[in-house]
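Raw contents of structure-v1.cif, mmCIF, C-alpha atoms:
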data_entry
#
loop_
_atom_site.label_atom_id
_atom_site.label_comp_id
_atom_site.auth_asym_id
_atom_site.auth_seq_id
_atom_site.Cartn_x
_atom_site.Cartn_y
_atom_site.Cartn_z
CA MET A 3 -91.19 -83.07 98.81
CA CYS A 4 -91.61 -79.84 96.82
CA PHE A 5 -89.48 -78.13 94.22
CA PRO A 6 -89.95 -74.98 92.11
CA SER A 7 -91.90 -75.54 88.91
CA ALA A 8 -89.53 -74.54 86.12
CA SER A 9 -92.23 -74.67 83.45
CA LEU A 10 -94.59 -72.32 85.28
CA THR A 11 -94.37 -68.54 85.45
CA GLN A 12 -92.86 -67.16 88.66
CA SER A 13 -93.38 -63.62 90.01
CA SER A 14 -92.45 -61.66 93.10
CA ASN A 15 -95.90 -62.34 94.60
CA ILE A 16 -96.56 -65.87 93.34
CA LYS A 17 -94.33 -68.92 93.67
CA GLU A 18 -95.33 -72.25 92.14
CA PHE A 19 -94.04 -75.61 93.34
CA SER A 20 -94.56 -79.18 92.19
CA VAL A 21 -94.93 -82.14 94.53
CA ASN A 22 -92.91 -85.30 94.00
CA MET A 23 -95.85 -87.66 94.46
CA PRO A 24 -93.84 -90.97 94.54
CA ASN A 25 -91.66 -89.56 97.33
CA LEU A 26 -94.70 -88.24 99.18
CA MET A 27 -96.53 -91.56 98.98
CA SER A 28 -93.44 -93.43 100.14
CA HIS A 29 -93.06 -91.06 103.08
CA LEU A 30 -96.74 -91.38 104.07
CA LYS A 31 -96.47 -95.17 103.90
CA LYS A 32 -93.55 -95.12 106.35
CA ILE A 33 -95.47 -92.87 108.72
CA ALA A 34 -98.52 -95.15 108.51
CA GLU A 35 -96.38 -98.13 109.47
CA GLN A 36 -94.96 -96.24 112.45
CA LYS A 37 -98.34 -94.85 113.57
CA PRO A 38 -101.00 -97.33 112.45
CA GLN A 39 -103.63 -95.90 114.84
CA ALA A 40 -103.38 -92.33 113.53
CA THR A 41 -106.33 -90.94 111.56
CA TYR A 42 -104.21 -88.39 109.68
CA TYR A 43 -100.56 -87.44 109.23
CA ASN A 44 -98.69 -84.13 109.20
CA VAL A 45 -96.00 -83.60 106.59
CA ASP A 46 -93.86 -80.46 106.25
CA MET A 47 -94.09 -79.47 102.58
CA ILE A 48 -92.74 -75.91 102.51
CA LYS A 49 -91.00 -73.77 105.13
CA TYR A 50 -90.34 -70.06 104.75
CA GLN A 51 -89.10 -67.08 106.77
CA VAL A 52 -90.56 -63.58 107.02
CA SER A 53 -88.48 -60.47 107.65
CA ALA A 54 -90.05 -58.10 110.18
CA GLU A 55 -90.23 -54.41 109.32
CA GLY A 56 -90.21 -52.75 112.71
CA ILE A 57 -93.00 -52.23 115.20
CA GLN A 58 -95.66 -52.15 112.46
CA SER A 59 -94.92 -55.85 111.81
CA THR A 60 -95.73 -57.00 115.35
CA PRO A 61 -99.34 -57.86 116.25
CA LEU A 62 -98.83 -56.73 119.84
CA ASN A 63 -97.01 -53.42 120.40
CA LEU A 64 -95.44 -53.01 123.83
CA ALA A 65 -93.83 -50.29 125.95
CA VAL A 66 -92.36 -50.91 129.40
CA SER A 67 -91.42 -48.33 132.03
CA TRP A 68 -89.80 -48.67 135.44
CA ARG A 69 -89.79 -45.96 138.10
CA GLY A 70 -88.61 -46.13 141.66
CA ASP A 71 -86.11 -45.59 144.42
CA ALA A 72 -84.57 -47.66 147.19
CA ASN A 73 -87.94 -48.25 148.86
CA CYS A 74 -90.51 -48.54 146.07
CA THR A 75 -90.67 -49.60 142.41
CA ASP A 76 -93.45 -48.96 139.87
CA LEU A 77 -93.74 -51.15 136.78
CA ARG A 78 -96.00 -50.27 133.85
CA ILE A 79 -96.55 -52.27 130.66
CA ASP A 80 -98.56 -50.59 127.91
CA TYR A 81 -99.87 -52.83 125.14
CA LYS A 82 -101.72 -52.24 121.88
CA TYR A 83 -103.32 -54.74 119.50
CA ASN A 84 -102.03 -54.01 115.98
CA THR A 85 -104.40 -55.07 113.19
CA GLY A 86 -101.98 -53.81 110.53
CA ALA A 87 -99.47 -56.56 111.28
CA MET A 88 -101.80 -59.33 110.09
CA ALA A 89 -103.09 -60.26 106.66
CA ALA A 90 -106.57 -60.40 108.20
CA PRO A 91 -107.30 -59.23 111.78
CA ALA A 92 -107.53 -62.20 114.15
CA PRO A 93 -107.68 -62.27 117.96
CA LEU A 94 -104.57 -63.02 119.99
CA HIS A 95 -105.11 -65.78 122.55
CA ASN A 96 -103.48 -66.90 125.80
CA ILE A 97 -101.32 -63.81 126.18
CA VAL A 98 -98.83 -64.18 129.03
CA PHE A 99 -96.58 -61.38 130.34
CA VAL A 100 -93.72 -62.41 132.65
CA VAL A 101 -91.31 -59.94 134.31
CA PRO A 102 -88.55 -60.76 136.83
CA VAL A 103 -88.36 -58.24 139.69
CA ASP A 104 -85.32 -58.02 141.98
CA GLY A 105 -84.55 -55.76 144.93
CA GLY A 106 -85.73 -57.92 147.84
CA ILE A 107 -89.50 -57.58 147.56
CA ALA A 108 -91.06 -56.84 150.94
CA LYS A 109 -94.65 -56.31 149.83
CA LEU A 110 -96.77 -56.25 146.70
CA GLN A 111 -98.71 -53.03 147.01
CA THR A 112 -100.61 -52.95 143.71
CA MET A 113 -101.32 -55.30 140.79
CA ILE A 114 -103.74 -53.99 138.16
CA PRO A 115 -105.28 -56.15 136.81
CA PRO A 116 -104.69 -58.96 139.33
CA ALA A 117 -101.51 -60.89 138.60
CA THR A 118 -99.63 -63.93 139.91
CA TRP A 119 -96.49 -63.42 141.99
CA THR A 120 -93.94 -66.24 142.20
CA PRO A 121 -91.50 -65.77 145.12
CA GLU A 122 -88.89 -67.95 143.44
CA PRO A 123 -87.51 -66.74 141.08
CA GLN A 124 -89.34 -63.46 141.90
CA THR A 125 -91.48 -62.97 138.81
CA ILE A 126 -94.83 -61.31 138.24
CA GLN A 127 -97.16 -62.76 135.61
CA TRP A 128 -100.23 -61.31 133.93
CA LYS A 129 -102.55 -63.32 131.69
CA ILE A 130 -105.05 -62.06 129.13
CA ALA A 131 -107.32 -64.71 127.63
CA SER A 132 -107.99 -62.90 124.35
CA LEU A 133 -107.29 -59.55 122.71
CA SER A 134 -108.56 -58.01 119.46
CA HIS A 135 -109.80 -54.75 117.96
CA ARG A 136 -113.19 -55.61 119.45
CA SER A 137 -111.78 -55.69 122.99
CA ASP A 138 -112.17 -52.79 125.42
CA ASN A 139 -110.52 -49.61 124.11
CA GLY A 140 -109.82 -51.33 120.81
CA GLY A 141 -107.27 -53.67 122.35
CA VAL A 142 -105.28 -50.92 124.09
CA GLY A 143 -104.48 -51.25 127.78
CA ALA A 144 -101.89 -51.22 130.55
CA LEU A 145 -100.60 -53.51 133.32
CA LEU A 146 -99.51 -51.88 136.58
CA GLY A 147 -97.44 -53.20 139.47
CA ARG A 148 -96.06 -51.49 142.58
CA PHE A 149 -93.56 -53.18 144.87
CA GLN A 150 -92.18 -52.23 148.28
CA MET A 151 -88.44 -52.98 148.26
CA THR A 152 -85.95 -54.00 150.95
CA GLU A 153 -82.86 -54.00 148.72
CA GLY A 154 -83.79 -51.42 146.10
CA PRO A 155 -83.60 -49.83 143.70
CA CYS A 156 -84.88 -52.51 141.33
CA LYS A 157 -82.96 -53.05 138.09
CA PRO A 158 -85.08 -53.06 134.89
CA SER A 159 -85.33 -56.62 133.54
CA GLN A 160 -86.38 -58.31 130.33
CA LEU A 161 -90.07 -58.73 129.58
CA SER A 162 -91.18 -62.08 128.20
CA VAL A 163 -94.44 -62.28 126.21
CA GLN A 164 -96.18 -65.29 124.69
CA PHE A 165 -99.35 -65.54 122.61
CA SER A 166 -100.85 -67.34 119.63
CA SER A 167 -103.47 -66.67 116.98
CA GLU A 168 -105.57 -68.81 114.67
CA GLY A 169 -107.02 -67.93 111.28
CA SER A 170 -104.42 -65.50 109.95
CA THR A 171 -100.72 -65.07 109.18
CA LEU A 172 -98.22 -62.24 109.50
CA SER A 173 -96.87 -62.78 105.98
CA GLY A 174 -100.19 -62.89 104.13
CA CYS A 175 -99.05 -66.11 102.49
CA ASP A 176 -101.86 -68.22 101.02
CA ILE A 177 -101.91 -71.55 99.18
CA GLN A 178 -103.81 -73.01 96.25
CA LEU A 179 -103.71 -76.51 94.81
CA VAL A 180 -103.56 -76.55 91.01
CA GLY A 181 -104.36 -79.72 89.07
CA THR A 182 -106.84 -82.56 89.03
CA GLY A 183 -107.23 -85.59 91.24
CA TYR A 184 -106.47 -83.83 94.51
CA ARG A 185 -108.06 -81.13 96.62
CA LEU A 186 -107.32 -79.22 99.82
CA SER A 187 -109.74 -80.42 102.49
CA LEU A 188 -108.42 -78.07 105.19
CA VAL A 189 -106.10 -75.07 105.40
CA LYS A 190 -105.08 -73.91 108.88
CA LYS A 191 -103.40 -70.57 109.52
CA ARG A 192 -101.66 -69.91 112.80
CA PHE A 193 -98.85 -67.83 114.27
CA ALA A 194 -97.32 -67.57 117.72
CA ALA A 195 -94.94 -65.24 119.55
CA GLY A 196 -91.31 -66.08 119.00
CA PRO A 197 -90.51 -66.10 115.24
CA PHE A 198 -90.43 -62.30 115.07
CA ILE A 199 -88.47 -59.67 117.01
CA ILE A 200 -90.06 -57.18 119.37
CA ILE A 201 -88.13 -54.08 120.42
CA ILE A 202 -89.11 -52.74 123.82
CA MET A 203 -87.95 -49.46 125.33
CA LEU A 204 -87.33 -49.57 129.07
CA LEU A 205 -87.40 -46.25 130.93
CA TYR A 206 -86.48 -46.04 134.55
CA TYR A 207 -85.85 -43.26 137.02
CA TYR A 208 -83.84 -43.36 140.21
CA SER A 209 -83.96 -40.59 142.78
CA SER A 210 -82.18 -40.20 146.10
CA SER A 211 -82.01 -37.52 148.73
CA SER A 212 -79.58 -36.70 151.54
CA SER A 213 -78.86 -33.89 153.98
CA GLY A 214 -76.55 -32.35 151.41
CA GLY A 215 -79.20 -32.11 148.72
CA SER A 216 -80.88 -34.35 146.16
CA SER A 217 -79.96 -35.96 142.87
CA SER A 218 -81.78 -37.81 140.13
CA LYS A 219 -80.81 -39.95 137.15
CA SER A 220 -82.74 -41.29 134.19
CA ASN A 221 -81.72 -43.94 131.72
CA ALA A 222 -83.20 -45.60 128.64
CA HIS A 223 -82.40 -49.05 127.31
CA SER A 224 -83.46 -50.87 124.16
CA ILE A 225 -83.91 -54.63 124.66
CA ILE A 226 -84.57 -57.06 121.85
CA LEU A 227 -86.76 -60.04 122.58
CA ALA A 228 -86.66 -62.89 120.10
#
Would you write the structure of this file as structure tokens?
Amino acid sequence: MCFPSASLTQSSNIKEFSVNMPNLMSHLKKIAEQKPQATYYNVDMIKYQVSAEGIQSTPLNLAVSWRGDANCTDLRIDYKYNTGAMAAPAPLHNIVFVVPVDGGIAKLQTMIPPATWTPEPQTIQWKIASLSHRSDNGGVGALLGRFQMTEGPCKPSQLSVQFSSEGSTLSGCDIQLVGTGYRLSLVKKRFAAGPFIIIIMLLYYYSSSSSGGSSSKSNAHSIILA
């Protein structure tokens, strides 16, 4: 549908494209025939990718820690809303944290704030309706869970996070329509978790004691979530 405009000046910050109107009209006509009841049609005009530049590029910074022994496991998820990752600060909505927990759970001792436990496949889920720099503590908080184990110690597992945001982009990309005869009636900006990479550091500690003395081990793992 679109192709670079050879006659127009290009720069590192501005890219200009021309629309093949006959092809666009033909495509819209086909869609109208397939969906005669629709009031409008969506057409992909341009797709682009953005390269993340570390933790400063993610709108939600995360840190996960596990601590425990054969009888008890503590899980802590620290989160921080990052205004610097967005072209214009916009709230994150419908944030869902999901963590699998193994080790034969015998009892859920603590969940702060309240969470949902699913026995099969043994996952704990927290939900936050909205988060922004106007939230409590500027969008900084923590999720805490304590589990009594029957087959511990628990092995640190991958954290899954989902969210979306309306009204801003991570790239800062904007669009203008140049020319006469047409105008932009609506421009929507949205991003959702998934297209970028989040690096999370997992820290866990295992301690054991016996009549011969005591021992302790600590390990750190980097896990990439796409």
Long-range neighbours of range 158-168 of chain A as a ChimeraX atom specification, 6 Å cut-off, all atoms listed in the file, 2 positions minimum in chain: /A:94-101,170,191-195
Atoms to include: C-alpha atoms. Write the selected residues as a PDB file, in the coordinates of the input.
ATOM      1  CA  LEU A  94    -104.570 -63.020 119.990  1.00  0.00           C
ATOM      2  CA  HIS A  95    -105.110 -65.780 122.550  1.00  0.00           C
ATOM      3  CA  ASN A  96    -103.480 -66.900 125.800  1.00  0.00           C
ATOM      4  CA  ILE A  97    -101.320 -63.810 126.180  1.00  0.00           C
ATOM      5  CA  VAL A  98     -98.830 -64.180 129.030  1.00  0.00           C
ATOM      6  CA  PHE A  99     -96.580 -61.380 130.340  1.00  0.00           C
ATOM      7  CA  VAL A 100     -93.720 -62.410 132.650  1.00  0.00           C
ATOM      8  CA  VAL A 101     -91.310 -59.940 134.310  1.00  0.00           C
ATOM      9  CA  SER A 170    -104.420 -65.500 109.950  1.00  0.00           C
ATOM     10  CA  LYS A 191    -103.400 -70.570 109.520  1.00  0.00           C
ATOM     11  CA  ARG A 192    -101.660 -69.910 112.800  1.00  0.00           C
ATOM     12  CA  PHE A 193     -98.850 -67.830 114.270  1.00  0.00           C
ATOM     13  CA  ALA A 194     -97.320 -67.570 117.720  1.00  0.00           C
ATOM     14  CA  ALA A 195     -94.940 -65.240 119.550  1.00  0.00           C
TER      15      ALA A 195
END
Asp104 in chain A environment, 9 Å, all atoms listed in the file, sequence neighbours closer than 4 positions dropped, as an MDAnalysis selection string: chainID A and resid 124:125 151 153:159
Leu110 in chain A environment, 12 Å, only C-alpha atoms, sequence neighbours closer than 6 positions dropped, as a PyMOL selection string: chain A and resi 74-77+103+116-121+124-126+146-152
Neighbour list for Pro115 in chain A as a list of chain:residue names, cut-off 10 Å, all atoms listed in the file, skip fewer than 3 positions in-chain: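 Once the nearby chain positions are removed, what remains is A:Thr112, A:Trp128, A:Lys129, A:Ile130, A:Ala144, A:Leu145, A:Leu146, A:Gly147.
CA of Lys31 in chain A is found 24.6 Å from CA of Gln178 in chain A.
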Residues near Asn84 in chain A, cut-off 9 Å, only C-alpha atoms, skip fewer than 4 positions along chain, as JSON, numbers by chain: {"A": [58, 59, 60, 61, 62, 63, 88, 91, 134, 135, 141]}
Let's have the selection written as a tab-separated table (two decimals), in the coordinates of the input, with C-alpha atoms.
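The resulting again.tsv:
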chain	number	residue	atom	x	y	z
A	58	GLN	CA	-95.66	-52.15	112.46
A	59	SER	CA	-94.92	-55.85	111.81
A	60	THR	CA	-95.73	-57.00	115.35
A	61	PRO	CA	-99.34	-57.86	116.25
A	62	LEU	CA	-98.83	-56.73	119.84
A	63	ASN	CA	-97.01	-53.42	120.40
A	88	MET	CA	-101.80	-59.33	110.09
A	91	PRO	CA	-107.30	-59.23	111.78
A	134	SER	CA	-108.56	-58.01	119.46
A	135	HIS	CA	-109.80	-54.75	117.96
A	141	GLY	CA	-107.27	-53.67	122.35
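If you look at CA of Ser28 in chain A and CA of Gln51 in chain A, they are 27.5 Å away from each other.
You will find CA of Ser67 in chain A at 6.6 Å from CA of Ile79 in chain A.
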Please put the answer as AutoDock Vina command-line options: centre and edge lengths, in Å with one decimal, of a box along x, y and z that encloses all listed atoms of range 88-99 of chain A plus 5 Å on each side.
--center_x -102.1 --center_y -63.1 --center_z 118.5 --size_x 21.1 --size_y 17.7 --size_z 33.7
A:Met113, A:Val142, A:Met27, A:Leu172 ranked by distance to Val52 in chain A, top pick (using all atoms listed in the file):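 Counting all atoms listed in the file, the residue closest to Val52 in chain A is A:Leu172.
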Polymer residues at most 10 Å from (-93.8, -86.9, 105.7) by only C-alpha atoms, as a compact mmCIF listing (two decimals) with C-alpha atoms, in the coordinates of the input:
# COMPACT_ATOMS: atom_id res chain seq x y z
CA MET A 3 -91.19 -83.07 98.81
CA ASN A 25 -91.66 -89.56 97.33
CA LEU A 26 -94.70 -88.24 99.18
CA MET A 27 -96.53 -91.56 98.98
CA SER A 28 -93.44 -93.43 100.14
CA HIS A 29 -93.06 -91.06 103.08
CA LEU A 30 -96.74 -91.38 104.07
CA LYS A 31 -96.47 -95.17 103.90
CA LYS A 32 -93.55 -95.12 106.35
CA ILE A 33 -95.47 -92.87 108.72
CA ALA A 34 -98.52 -95.15 108.51
CA TYR A 43 -100.56 -87.44 109.23
CA ASN A 44 -98.69 -84.13 109.20
CA VAL A 45 -96.00 -83.60 106.59
CA ASP A 46 -93.86 -80.46 106.25
CA MET A 47 -94.09 -79.47 102.58
